[in-house]
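One structure is given here, and the rest of the page talks about it.
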There are 2 protein chains.
Amino acid sequence: MNNFNFYSPTHFVFGKNRESETGKYVKRFGGSKVLIHFGGGSVIKSGLLDRVKESLTKENISFTELGGVVPNPRSGLVYEGVEICKREKIDFILAVGGGSAIDSAKAIAIGALYDGDFWDFYTGKRVENALPVATILTISAAGSEGSTGSVITHEDGMLKRAANSDALRPVFSVLNPELTCSLPPFQTACGATDMMAHVLERYFTNTKDVEITDRLCEAVLLTVIKETPKALANPNDYEARANIMWAGTVAHNDICGVGREQDWSTHQIEHELSGLYDVAHGAGLAVMFPAWMKYVMKHDVMRFAQFAVRVWGCQMDFQNPENTAKEGILKFEQFLTSIGMPIRFSELGAKAEDIPTLAKTMGLGTGTLGSFVKLTTEDVTKIYELAV
Amino acid sequence: MNNFNFYSPTHFVFGKNRESETGKYVKRFGGSKVLIHFGGGSVIKSGLLDRVKESLTKENISFTELGGVVPNPRSGLVYEGVEICKREKIDFILAVGGGSAIDSAKAIAIGALYDGDFWDFYTGKRVENALPVATILTISAAGSEGSTGSVITHEDGMLKRAANSDALRPVFSVLNPELTCSLPPFQTACGATDMMAHVLERYFTNTKDVEITDRLCEAVLLTVIKETPKALANPNDYEARANIMWAGTVAHNDICGVGREQDWSTHQIEHELSGLYDVAHGAGLAVMFPAWMKYVMKHDVMRFAQFAVRVWGCQMDFQNPENTAKEGILKFEQFLTSIGMPIRFSELGAKAEDIPTLAKTMGLGTGTLGSFVKLTTEDVTKIYELAV
C-alpha cells in the first residue's frame, strides 16, 4: 500500500426533504452573498429552485442566480460567472444540479479569486484557493458533490480538461434521493456507468496488497449493479435511488482510491469522445471502458479474474484464469446493455474515421497515458478501434 | 435508508514515517501550546515520542507531556490533564498511542473548556466544545483516531461510559502501520476483534434497504479476516498491518453506519465486563459478540444468513436458512479462536456468579438496551449466561 493523505471534509446532508435546510448550512459555512448556479428548466419547473431560495431568504442570505449550465459544461458560462462574482462580491457558490452544474460552480469558484484566466488551472496550474462551494445534487453520477475535481470543456477547440484540488471539495452537499426520481432512464443509466467508471479507474492498479481499498471498490460496484435495474424498473423506488446516490458519492470521494496508483486513462479517452461529439459522459464511458479492458487485460489477468469473480459472481476457471477474466468483461458489457447503455461507436454516433482526430487531440505526442498500462497514441488508437 | 448526516473532516496522514510531519500538521491546525498525552513506556522506548517532540520543536511549537494512560483509561488522569490544560493554557492535545490514549485525550479536551466536572459529558450532557485533538496511532483497534467517541472508566465504581460528538473527531491522525509491527499477537488480535465489532454493531440493523452500507461493512470484515492471520504469522508484514490499520479507521468513522439504526448493545454488555475485570476490550468483545448473536439470531435469520454467506463464504441452505445463519456464527467463533481470542467467560477469568452484578451495574432498570432486539435486564443476563 502506498503512503497517502485522505481528507474529505464535506458535510453530507442526506435524505428526504433535506434541501429545506440549505440556508442553515450556508450560514454555518459562512456564506452571506450567494451565487446560485444551475442548468436548465428542470430545477425551476420542479419547484426545487424556489424551495432553495426560500430557505436562503429565511436565513437572510442574499443571492444572485446564474442558470444555463449544459452537459459537458462550457468555459463561456464560467467566464460569465466569474465576472458576476467579482462584480457583486459573491462569497459563496451554491450549485443546484448534477455534475455539470457543480463542476461549473467549482470553476467559477476558482476564477473568482484569481486575476488571470481560470483556464490556467485546467491546463496545469495548481489550485490553491477557491470560494466555498456547496451543492444540492439532482443527478447521481459525477461524484463531484464530494470530490476534488472539476471538468470543463473550453469552447475554443472543444477541449475537455480537469482541475483537481482539496480546495474544490464542497463544504456541504445536500443529497436528497427524491430529487433523482424524475431522472429519465437514460440519464439514470449514464449516472450508474459514470460511478462504476470512477471505481474502475481506481480498481485496476499495479499497486499490490490494497485489499481494503479493493473490497471497498467492490462494495460500491456490487451496490450499483444491484440497485440500478431496480431504479430503472421503478423510477420512484426511493430505496434504490438512495443506495445509488450514496454509492455515487463514495465512488468518487477517493475512499475507493487511497493507497494505490490510479489510472484515469479511460476517462481521458472518453473526454475526447464527448468533447468531439458532445455525447453523454456516461454513455461514452460505457463504450470505452470495455474496450480499454480488452486491450489491457493480459497485463494482469488475475486482477481481471478477481473483478469477474468478486463483482460479477463468475466461477473461477482455475485451469485457465484468462477465461474468467474475459467472462468478467463480457458480463460488464452485458450489464451495460441491459441498463440501456451503448457499447459501440455506432450506438453513440461516433465514427471510425474520426479516430485519428480523437487520438491526436489527446496530445500525447511521444508521451504516454495512464499507469496500469502506459498507453501510447498507437495504443489509444487501437482502443478506439476496439470500440467500433 | 434513513436520513443521515455524514461529516468526517479528520485529515488522515497515512504511511511510512509520516509521524515526522507531525509538527507541520499541528501548525496547520492552529496548535501552538500542545499537551502530548500517552501511555506507558513503549512510545518512549521505541523512540517515537522523541521523534514527535523533535518534529514539534522544528516548528517552534511548545509542549507539555502527560503519560500514564492505562487500558480502559481512567478518570483520575483525565482530571490531571484538565488541570494542566487550564493552568498552562494548552490549545491543542496530541495523543500518541492507541484508543486509550486517544479517548483520554478527548476527555481532557472536553474538560479543558468546561468549568464543571468532565464526567457530566459521559453521563448524558451534550458535548459542544473541545480543544482540537490530533493523534499518532500506535494500535489499530478502537477507531478513535477518526471517530466521534471516547470511552472512560470512572474510578468511583469502575463505571465505563462513553461521550460522542463531532467536536471529538481528531483534526488530524497520523497512521503509520510500521508503528504497529511491534504489537504482541494478543493485542493485534484484540484490535482486529474490536474493529470487527465496530462494524457488526452497525451491520445488525432493522433498517431495510441499506445495501451500500451493508457492502461497505462486509468489505471491512473481509479485509480484517484476510489480513489478521497474516499479521499474526509475520508481525512485520507491512502490507497486512497497513490494510488492518486503515480497515480499523474505516470501521469506525461511521461510513459503515450511515443511513441505518445502529445497535451498540454488545459494546455496552462488554463494557460492564471489562469495567469489572479490567480485561482487554477486544477480548471481552470476542466473548460477548457470539453470545449476543446466538441470543438474537431468530429475530432476523436472513440477515444472519447474509452475514454467513457474504462474509464467511458459507453455502446458503435455501431449504433451512437458519442452518446457514448458525454456521456463520460458528465460523465467527472459529475465526476468533484461530487468532487467539477467548470466546468463553472462563478464558477471560470472568465468573458466572458475577452475572447478576454485571447485569445490575448496567442499570437498565425497567428500560431496555439496543435496537436490533430491545434487551431487558433478563435478556442481558441470558446473554452473559450464553458466554459462560
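Starting from 1 in every chain, residues are counted up; chains themselves are A, B, ... following the order of the C-alpha cells, and ligands are numbered from 1 as listed.
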Closest atom pairs, chain A residues within 6 Å of chain B, only C-alpha atoms, as CSV:
residue,atom,partner,partner_atom,distance
A:Asn3,CA,B:Gly15,CA,4.2
A:Phe4,CA,B:Phe14,CA,5.2
A:Asn5,CA,B:Val13,CA,4.8
A:Phe6,CA,B:Phe12,CA,5.0
A:Tyr7,CA,B:His11,CA,4.6
A:Ser8,CA,B:Pro9,CA,5.8
A:Pro9,CA,B:Pro9,CA,3.9
A:His11,CA,B:Tyr7,CA,4.6
A:Phe12,CA,B:Phe6,CA,5.1
A:Val13,CA,B:Asn5,CA,4.8
A:Phe14,CA,B:Phe4,CA,5.2
A:Gly15,CA,B:Asn3,CA,4.2
A:Ile212,CA,B:Thr223,CA,5.5
A:Arg215,CA,B:Ala219,CA,4.8
A:Leu216,CA,B:Ala219,CA,5.5
A:Ala219,CA,B:Arg215,CA,4.8
A:Thr223,CA,B:Ile212,CA,5.5
A:Asn243,CA,B:Ile212,CA,5.7
What parts of region 168-356 of chain A does DSSP call strand (DSSP E or B)? I'd like the answer as an MDAnalysis selection string. chainID A and resid 172:175
Would you kindly return, as an MDAnalysis selection string, each protein, DNA or RNA residue with an atom no farther than 10 Å from any atom of region 267-281 of chain A, considering only C-alpha atoms and excluding same-chain residues fewer than 2 positions away? chainID A and resid 71:72 141:142 151:155 157:162 186:187 190:191 193:194 197:198 201 263:265 283:289 292 345 348:351 354:355 357:362 369:370 380:381 383:384
What parts of region 14-234 of chain B does DSSP call helix (DSSP H, G or I)? I'd like the answer as a ChimeraX atom specification. /B:18-28,42-45,48-58,75-88,99-112,118-122,166-168,177-180,185-203,211-233
Compile the contact shell of region 33-39 of chain B as a ChimeraX atom specification: residues with an atom at most 8 Å away, counting only C-alpha atoms, same-chain residues fewer than 6 positions apart removed. /B:61-70,85,89-97,100-101,105
To one decimal place in Å, what is the distance between CA of Val373 (chain B) and CA of Glu327 (chain B)?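 Rounded to one decimal, the two atoms are 20.6 Å apart.
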Would you mind listing what lies within 12 Å of Leu330 (chain A) as a list in words, with only C-alpha atoms counted and same-chain residues fewer than 2 positions away left out?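 So, after excluding close chain neighbours, the residues are Phe289, Pro290, Ala291, Met293, Lys294, Phe304, Ala305, Phe307, Ala308, Trp312, Cys314, Asn323, Thr324, Ala325, Lys326, Glu327, Gly328, Phe332, Glu333, Gln334, Phe335, Leu336, Thr337 and Ile343 of chain A.
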Would you mind exporting the chosen residues as an mmCIF file, in the first residue's frame, restricted to N, CA, C and O atoms?
data_model
loop_
_atom_site.group_PDB
_atom_site.id
_atom_site.type_symbol
_atom_site.label_atom_id
_atom_site.label_comp_id
_atom_site.auth_asym_id
_atom_site.auth_seq_id
_atom_site.Cartn_x
_atom_site.Cartn_y
_atom_site.Cartn_z
ATOM 1 N N PHE A 289 -14.937 1.847 -21.751
ATOM 2 C CA PHE A 289 -14.327 1.060 -20.669
ATOM 3 C C PHE A 289 -14.101 -0.407 -21.055
ATOM 4 O O PHE A 289 -13.006 -0.948 -20.857
ATOM 5 N N PRO A 290 -15.115 -1.077 -21.607
ATOM 6 C CA PRO A 290 -14.851 -2.468 -22.019
ATOM 7 C C PRO A 290 -13.732 -2.558 -23.062
ATOM 8 O O PRO A 290 -12.934 -3.508 -23.036
ATOM 9 N N ALA A 291 -13.664 -1.572 -23.942
ATOM 10 C CA ALA A 291 -12.602 -1.589 -24.965
ATOM 11 C C ALA A 291 -11.226 -1.491 -24.302
ATOM 12 O O ALA A 291 -10.299 -2.246 -24.631
ATOM 13 N N MET A 293 -10.517 -2.348 -21.280
ATOM 14 C CA MET A 293 -10.289 -3.595 -20.534
ATOM 15 C C MET A 293 -9.761 -4.702 -21.444
ATOM 16 O O MET A 293 -8.807 -5.409 -21.094
ATOM 17 N N LYS A 294 -10.394 -4.839 -22.602
ATOM 18 C CA LYS A 294 -9.954 -5.891 -23.532
ATOM 19 C C LYS A 294 -8.501 -5.667 -23.947
ATOM 20 O O LYS A 294 -7.731 -6.607 -24.094
ATOM 21 N N PHE A 304 -8.132 -9.091 -13.344
ATOM 22 C CA PHE A 304 -9.409 -9.150 -14.075
ATOM 23 C C PHE A 304 -10.235 -10.361 -13.638
ATOM 24 O O PHE A 304 -11.465 -10.302 -13.618
ATOM 25 N N ALA A 305 -9.547 -11.444 -13.267
ATOM 26 C CA ALA A 305 -10.276 -12.611 -12.758
ATOM 27 C C ALA A 305 -10.934 -12.268 -11.416
ATOM 28 O O ALA A 305 -12.083 -12.631 -11.153
ATOM 29 N N PHE A 307 -11.932 -9.346 -10.476
ATOM 30 C CA PHE A 307 -13.081 -8.499 -10.854
ATOM 31 C C PHE A 307 -14.260 -9.381 -11.280
ATOM 32 O O PHE A 307 -15.406 -9.176 -10.864
ATOM 33 N N ALA A 308 -13.966 -10.393 -12.087
ATOM 34 C CA ALA A 308 -15.019 -11.276 -12.591
ATOM 35 C C ALA A 308 -15.684 -12.071 -11.461
ATOM 36 O O ALA A 308 -16.910 -12.175 -11.390
ATOM 37 N N TRP A 312 -18.791 -9.907 -10.456
ATOM 38 C CA TRP A 312 -19.812 -10.451 -11.354
ATOM 39 C C TRP A 312 -20.238 -11.862 -10.990
ATOM 40 O O TRP A 312 -21.066 -12.464 -11.681
ATOM 41 N N CYS A 314 -18.679 -14.623 -11.232
ATOM 42 C CA CYS A 314 -18.252 -15.693 -12.137
ATOM 43 C C CYS A 314 -17.573 -16.808 -11.333
ATOM 44 O O CYS A 314 -16.996 -16.559 -10.281
ATOM 45 N N ASN A 323 -9.928 -17.190 -19.118
ATOM 46 C CA ASN A 323 -11.351 -17.360 -19.450
ATOM 47 C C ASN A 323 -12.224 -16.590 -18.473
ATOM 48 O O ASN A 323 -13.220 -15.955 -18.847
ATOM 49 N N THR A 324 -11.870 -16.660 -17.197
ATOM 50 C CA THR A 324 -12.640 -15.947 -16.171
ATOM 51 C C THR A 324 -12.522 -14.441 -16.382
ATOM 52 O O THR A 324 -13.514 -13.710 -16.310
ATOM 53 N N ALA A 325 -11.293 -13.998 -16.627
ATOM 54 C CA ALA A 325 -11.057 -12.572 -16.858
ATOM 55 C C ALA A 325 -11.939 -12.060 -18.003
ATOM 56 O O ALA A 325 -12.612 -11.032 -17.889
ATOM 57 N N LYS A 326 -11.951 -12.823 -19.093
ATOM 58 C CA LYS A 326 -12.764 -12.429 -20.258
ATOM 59 C C LYS A 326 -14.246 -12.444 -19.929
ATOM 60 O O LYS A 326 -15.007 -11.583 -20.382
ATOM 61 N N GLU A 327 -14.653 -13.427 -19.138
ATOM 62 C CA GLU A 327 -16.060 -13.547 -18.775
ATOM 63 C C GLU A 327 -16.513 -12.313 -17.976
ATOM 64 O O GLU A 327 -17.631 -11.818 -18.145
ATOM 65 N N GLY A 328 -15.630 -11.817 -17.123
ATOM 66 C CA GLY A 328 -15.969 -10.624 -16.335
ATOM 67 C C GLY A 328 -16.234 -9.425 -17.228
ATOM 68 O O GLY A 328 -17.193 -8.665 -17.022
ATOM 69 N N PHE A 332 -19.769 -7.411 -17.788
ATOM 70 C CA PHE A 332 -19.840 -5.951 -17.656
ATOM 71 C C PHE A 332 -20.552 -5.374 -18.878
ATOM 72 O O PHE A 332 -21.480 -4.566 -18.765
ATOM 73 N N GLU A 333 -20.143 -5.822 -20.072
ATOM 74 C CA GLU A 333 -20.794 -5.353 -21.301
ATOM 75 C C GLU A 333 -22.284 -5.702 -21.302
ATOM 76 O O GLU A 333 -23.132 -4.870 -21.666
ATOM 77 N N GLN A 334 -22.585 -6.925 -20.882
ATOM 78 C CA GLN A 334 -23.995 -7.349 -20.854
ATOM 79 C C GLN A 334 -24.802 -6.497 -19.879
ATOM 80 O O GLN A 334 -25.951 -6.143 -20.147
ATOM 81 N N PHE A 335 -24.183 -6.181 -18.746
ATOM 82 C CA PHE A 335 -24.875 -5.329 -17.773
ATOM 83 C C PHE A 335 -25.153 -3.957 -18.380
ATOM 84 O O PHE A 335 -26.266 -3.420 -18.274
ATOM 85 N N LEU A 336 -24.130 -3.388 -19.015
ATOM 86 C CA LEU A 336 -24.296 -2.059 -19.622
ATOM 87 C C LEU A 336 -25.429 -2.084 -20.648
ATOM 88 O O LEU A 336 -26.282 -1.188 -20.677
ATOM 89 N N THR A 337 -25.434 -3.104 -21.476
ATOM 90 C CA THR A 337 -26.506 -3.239 -22.464
ATOM 91 C C THR A 337 -27.863 -3.358 -21.774
ATOM 92 O O THR A 337 -28.845 -2.725 -22.185
ATOM 93 N N ILE A 343 -22.552 0.271 -26.253
ATOM 94 C CA ILE A 343 -21.203 -0.255 -26.014
ATOM 95 C C ILE A 343 -20.352 -0.213 -27.292
ATOM 96 O O ILE A 343 -19.251 -0.746 -27.313
#
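What separates CA of Arg28 (chain A) from CA of Arg126 (chain B) is a distance of 19.3 Å.
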With distances taken over only C-alpha atoms, the candidate from B:Ser140, B:Ser104, B:Ser346, B:Asn206 nearest Gly282 (chain B) is B:Ser140
